[in-house]
Amino acid sequence: MAKRCHLTMFSGLRQMTSFEIRFTKEAVKDIEKLTPKLKTKLRSILLNVIAADPFVGKKLIGDLTGFYSYRLTYKDRIIYSIDITSQIVYIHRTKTHYGQ
């Protein structure tokens, strides 16, 4: 299971959302590499889209069965998993196209 990682920019993600957002260490490293504009876009997607309805993303298959994908940029995707019981979305990657 992913460790709980917090970023100052993403504090308060639980506010007015039905799912809590948590980040893996890999996701934190990815986020640190994003431009300020993409960080803002990511925050907006997490707050307004994924936290509200995590099933909106594309359900992945094959090696990534159990994960979902949501487009951040043309080449970058947000890869995440959902713990329905705890109502937590784990963000695994944010600067990749399915693990590349």
# chains A, B, ... in the order shown; residues from 1 in each chain; ligands from 1

call {"tool": "residues_around", "arguments": {"residues": "Ser86 (chain A)", "least_positions_apart": "3", "cutoff": "12 Å", "atoms": "only C-alpha atoms", "output": "PDB file with all heavy atoms, in the first residue's frame"}}
result
ATOM      1  N   SER A  18     -15.440  13.836  -1.847  1.00  0.00           N
ATOM      2  CA  SER A  18     -15.905  12.605  -1.247  1.00  0.00           C
ATOM      3  C   SER A  18     -14.761  11.621  -1.027  1.00  0.00           C
ATOM      4  O   SER A  18     -14.852  10.768  -0.177  1.00  0.00           O
ATOM      5  CB  SER A  18     -16.991  11.980  -2.110  1.00  0.00           C
ATOM      6  OG  SER A  18     -16.518  11.795  -3.415  1.00  0.00           O
ATOM      7  N   PHE A  19     -13.675  11.724  -1.791  1.00  0.00           N
ATOM      8  CA  PHE A  19     -12.524  10.844  -1.635  1.00  0.00           C
ATOM      9  C   PHE A  19     -11.300  11.637  -1.212  1.00  0.00           C
ATOM     10  O   PHE A  19     -11.062  12.730  -1.711  1.00  0.00           O
ATOM     11  CB  PHE A  19     -12.218  10.113  -2.942  1.00  0.00           C
ATOM     12  CG  PHE A  19     -13.114   8.936  -3.205  1.00  0.00           C
ATOM     13  CD1 PHE A  19     -14.409   9.122  -3.648  1.00  0.00           C
ATOM     14  CD2 PHE A  19     -12.661   7.649  -3.004  1.00  0.00           C
ATOM     15  CE1 PHE A  19     -15.243   8.045  -3.894  1.00  0.00           C
ATOM     16  CE2 PHE A  19     -13.482   6.557  -3.235  1.00  0.00           C
ATOM     17  CZ  PHE A  19     -14.776   6.756  -3.678  1.00  0.00           C
ATOM     18  N   GLU A  20     -10.529  11.071  -0.298  1.00  0.00           N
ATOM     19  CA  GLU A  20      -9.260  11.665   0.117  1.00  0.00           C
ATOM     20  C   GLU A  20      -8.220  11.323  -0.934  1.00  0.00           C
ATOM     21  O   GLU A  20      -8.261  10.247  -1.539  1.00  0.00           O
ATOM     22  CB  GLU A  20      -8.848  11.103   1.472  1.00  0.00           C
ATOM     23  CG  GLU A  20      -7.559  11.665   2.008  1.00  0.00           C
ATOM     24  CD  GLU A  20      -7.190  11.097   3.370  1.00  0.00           C
ATOM     25  OE1 GLU A  20      -8.024  10.399   3.988  1.00  0.00           O
ATOM     26  OE2 GLU A  20      -6.056  11.336   3.798  1.00  0.00           O
ATOM     27  N   ILE A  21      -7.256  12.216  -1.150  1.00  0.00           N
ATOM     28  CA  ILE A  21      -6.186  11.996  -2.110  1.00  0.00           C
ATOM     29  C   ILE A  21      -4.886  11.781  -1.346  1.00  0.00           C
ATOM     30  O   ILE A  21      -4.532  12.569  -0.478  1.00  0.00           O
ATOM     31  CB  ILE A  21      -6.010  13.208  -3.056  1.00  0.00           C
ATOM     32  CG1 ILE A  21      -7.301  13.531  -3.795  1.00  0.00           C
ATOM     33  CG2 ILE A  21      -4.847  12.988  -4.014  1.00  0.00           C
ATOM     34  CD1 ILE A  21      -7.697  12.545  -4.851  1.00  0.00           C
ATOM     35  N   ARG A  22      -4.186  10.695  -1.689  1.00  0.00           N
ATOM     36  CA  ARG A  22      -2.861  10.421  -1.116  1.00  0.00           C
ATOM     37  C   ARG A  22      -1.891  10.136  -2.245  1.00  0.00           C
ATOM     38  O   ARG A  22      -2.284   9.668  -3.313  1.00  0.00           O
ATOM     39  CB  ARG A  22      -2.909   9.237  -0.156  1.00  0.00           C
ATOM     40  CG  ARG A  22      -3.723   9.525   1.090  1.00  0.00           C
ATOM     41  CD  ARG A  22      -3.600   8.413   2.083  1.00  0.00           C
ATOM     42  NE  ARG A  22      -4.489   8.626   3.214  1.00  0.00           N
ATOM     43  CZ  ARG A  22      -4.601   7.778   4.211  1.00  0.00           C
ATOM     44  NH1 ARG A  22      -3.896   6.664   4.238  1.00  0.00           N
ATOM     45  NH2 ARG A  22      -5.422   8.045   5.211  1.00  0.00           N
ATOM     46  N   ILE A  82      -7.955   3.117  -6.427  1.00  0.00           N
ATOM     47  CA  ILE A  82      -9.051   3.548  -5.553  1.00  0.00           C
ATOM     48  C   ILE A  82      -9.265   2.518  -4.456  1.00  0.00           C
ATOM     49  O   ILE A  82      -9.377   1.327  -4.724  1.00  0.00           O
ATOM     50  CB  ILE A  82     -10.362   3.694  -6.358  1.00  0.00           C
ATOM     51  CG1 ILE A  82     -10.151   4.626  -7.554  1.00  0.00           C
ATOM     52  CG2 ILE A  82     -11.489   4.179  -5.463  1.00  0.00           C
ATOM     53  CD1 ILE A  82     -11.268   4.553  -8.580  1.00  0.00           C
ATOM     54  N   ASP A  83      -9.309   2.999  -3.207  1.00  0.00           N
ATOM     55  CA  ASP A  83      -9.704   2.163  -2.077  1.00  0.00           C
ATOM     56  C   ASP A  83     -11.122   2.600  -1.711  1.00  0.00           C
ATOM     57  O   ASP A  83     -11.319   3.612  -1.041  1.00  0.00           O
ATOM     58  CB  ASP A  83      -8.750   2.360  -0.898  1.00  0.00           C
ATOM     59  CG  ASP A  83      -9.088   1.491   0.307  1.00  0.00           C
ATOM     60  OD1 ASP A  83     -10.232   0.996   0.403  1.00  0.00           O
ATOM     61  OD2 ASP A  83      -8.204   1.320   1.157  1.00  0.00           O
ATOM     62  N   VAL A  89      -8.144   7.799  -2.743  1.00  0.00           N
ATOM     63  CA  VAL A  89      -7.547   7.644  -4.066  1.00  0.00           C
ATOM     64  C   VAL A  89      -6.035   7.777  -3.883  1.00  0.00           C
ATOM     65  O   VAL A  89      -5.556   8.767  -3.326  1.00  0.00           O
ATOM     66  CB  VAL A  89      -8.056   8.720  -5.056  1.00  0.00           C
ATOM     67  CG1 VAL A  89      -7.292   8.647  -6.362  1.00  0.00           C
ATOM     68  CG2 VAL A  89      -9.547   8.564  -5.287  1.00  0.00           C
ATOM     69  N   TYR A  90      -5.301   6.756  -4.324  1.00  0.00           N
ATOM     70  CA  TYR A  90      -3.846   6.772  -4.250  1.00  0.00           C
ATOM     71  C   TYR A  90      -3.299   7.172  -5.614  1.00  0.00           C
ATOM     72  O   TYR A  90      -3.514   6.468  -6.604  1.00  0.00           O
ATOM     73  CB  TYR A  90      -3.302   5.400  -3.865  1.00  0.00           C
ATOM     74  CG  TYR A  90      -3.645   5.018  -2.444  1.00  0.00           C
ATOM     75  CD1 TYR A  90      -4.740   4.208  -2.177  1.00  0.00           C
ATOM     76  CD2 TYR A  90      -2.886   5.481  -1.382  1.00  0.00           C
ATOM     77  CE1 TYR A  90      -5.072   3.861  -0.880  1.00  0.00           C
ATOM     78  CE2 TYR A  90      -3.208   5.141  -0.081  1.00  0.00           C
ATOM     79  CZ  TYR A  90      -4.298   4.333   0.169  1.00  0.00           C
ATOM     80  OH  TYR A  90      -4.623   4.000   1.467  1.00  0.00           O
TER      81      TYR A  90
END

call {"tool": "residues_around", "arguments": {"residues": "region 61-70 of chain A", "least_positions_apart": "4", "cutoff": "7 Å", "atoms": "only C-alpha atoms", "output": "PDB file with all heavy atoms, in the first residue's frame"}}
result
ATOM      1  N   GLY A  57     -11.904   8.176 -14.621  1.00  0.00           N
ATOM      2  CA  GLY A  57     -10.716   7.825 -15.390  1.00  0.00           C
ATOM      3  C   GLY A  57     -10.893   6.543 -16.180  1.00  0.00           C
ATOM      4  O   GLY A  57     -11.844   5.778 -15.974  1.00  0.00           O
ATOM      5  N   ARG A  77      -0.029  11.168 -17.986  1.00  0.00           N
ATOM      6  CA  ARG A  77      -1.269  10.696 -17.374  1.00  0.00           C
ATOM      7  C   ARG A  77      -1.120  10.657 -15.866  1.00  0.00           C
ATOM      8  O   ARG A  77      -0.028  10.465 -15.344  1.00  0.00           O
ATOM      9  CB  ARG A  77      -1.611   9.275 -17.847  1.00  0.00           C
ATOM     10  CG  ARG A  77      -1.655   9.067 -19.339  1.00  0.00           C
ATOM     11  CD  ARG A  77      -2.830   9.795 -19.977  1.00  0.00           C
ATOM     12  NE  ARG A  77      -2.970   9.468 -21.381  1.00  0.00           N
ATOM     13  CZ  ARG A  77      -2.326  10.093 -22.363  1.00  0.00           C
ATOM     14  NH1 ARG A  77      -1.508  11.064 -22.109  1.00  0.00           N
ATOM     15  NH2 ARG A  77      -2.528   9.741 -23.623  1.00  0.00           N
ATOM     16  N   ILE A  78      -2.237  10.798 -15.192  1.00  0.00           N
ATOM     17  CA  ILE A  78      -2.312  10.587 -13.749  1.00  0.00           C
ATOM     18  C   ILE A  78      -2.723   9.117 -13.590  1.00  0.00           C
ATOM     19  O   ILE A  78      -3.789   8.723 -14.058  1.00  0.00           O
ATOM     20  CB  ILE A  78      -3.355  11.506 -13.101  1.00  0.00           C
ATOM     21  CG1 ILE A  78      -3.046  12.977 -13.400  1.00  0.00           C
ATOM     22  CG2 ILE A  78      -3.435  11.244 -11.597  1.00  0.00           C
ATOM     23  CD1 ILE A  78      -4.207  13.920 -13.110  1.00  0.00           C
ATOM     24  N   ILE A  79      -1.876   8.324 -12.968  1.00  0.00           N
ATOM     25  CA  ILE A  79      -2.164   6.914 -12.743  1.00  0.00           C
ATOM     26  C   ILE A  79      -2.517   6.766 -11.262  1.00  0.00           C
ATOM     27  O   ILE A  79      -1.754   7.187 -10.398  1.00  0.00           O
ATOM     28  CB  ILE A  79      -0.953   6.012 -13.090  1.00  0.00           C
ATOM     29  CG1 ILE A  79      -0.447   6.292 -14.506  1.00  0.00           C
ATOM     30  CG2 ILE A  79      -1.298   4.536 -12.880  1.00  0.00           C
ATOM     31  CD1 ILE A  79      -1.433   6.004 -15.603  1.00  0.00           C
ATOM     32  N   TYR A  80      -3.691   6.177 -10.991  1.00  0.00           N
ATOM     33  CA  TYR A  80      -4.142   6.090  -9.611  1.00  0.00           C
ATOM     34  C   TYR A  80      -4.940   4.820  -9.359  1.00  0.00           C
ATOM     35  O   TYR A  80      -5.385   4.152 -10.290  1.00  0.00           O
ATOM     36  CB  TYR A  80      -4.971   7.326  -9.241  1.00  0.00           C
ATOM     37  CG  TYR A  80      -6.239   7.515 -10.052  1.00  0.00           C
ATOM     38  CD1 TYR A  80      -7.464   7.076  -9.566  1.00  0.00           C
ATOM     39  CD2 TYR A  80      -6.223   8.159 -11.277  1.00  0.00           C
ATOM     40  CE1 TYR A  80      -8.634   7.253 -10.295  1.00  0.00           C
ATOM     41  CE2 TYR A  80      -7.376   8.345 -12.013  1.00  0.00           C
ATOM     42  CZ  TYR A  80      -8.582   7.898 -11.514  1.00  0.00           C
ATOM     43  OH  TYR A  80      -9.742   8.063 -12.239  1.00  0.00           O
ATOM     44  N   SER A  81      -5.081   4.499  -8.085  1.00  0.00           N
ATOM     45  CA  SER A  81      -5.916   3.376  -7.669  1.00  0.00           C
ATOM     46  C   SER A  81      -6.919   3.898  -6.643  1.00  0.00           C
ATOM     47  O   SER A  81      -6.741   4.972  -6.068  1.00  0.00           O
ATOM     48  CB  SER A  81      -5.074   2.243  -7.085  1.00  0.00           C
ATOM     49  OG  SER A  81      -4.354   2.683  -5.954  1.00  0.00           O
TER      50      SER A  81
END

call {"tool": "select_by_dssp", "arguments": {"residues": "region 36-91 of chain A", "states": "alpha helix (DSSP H)", "output": "ChimeraX atom specification"}}
result
/A:36-45

call {"tool": "atom_distance", "arguments": {"atom1": "CA of Lys75 (chain A)", "atom2": "CA of Gln87 (chain A)"}}
result
28.2 Å

call {"tool": "atom_distance", "arguments": {"atom1": "CA of His92 (chain A)", "atom2": "CA of Lys37 (chain A)"}}
result
20.1 Å
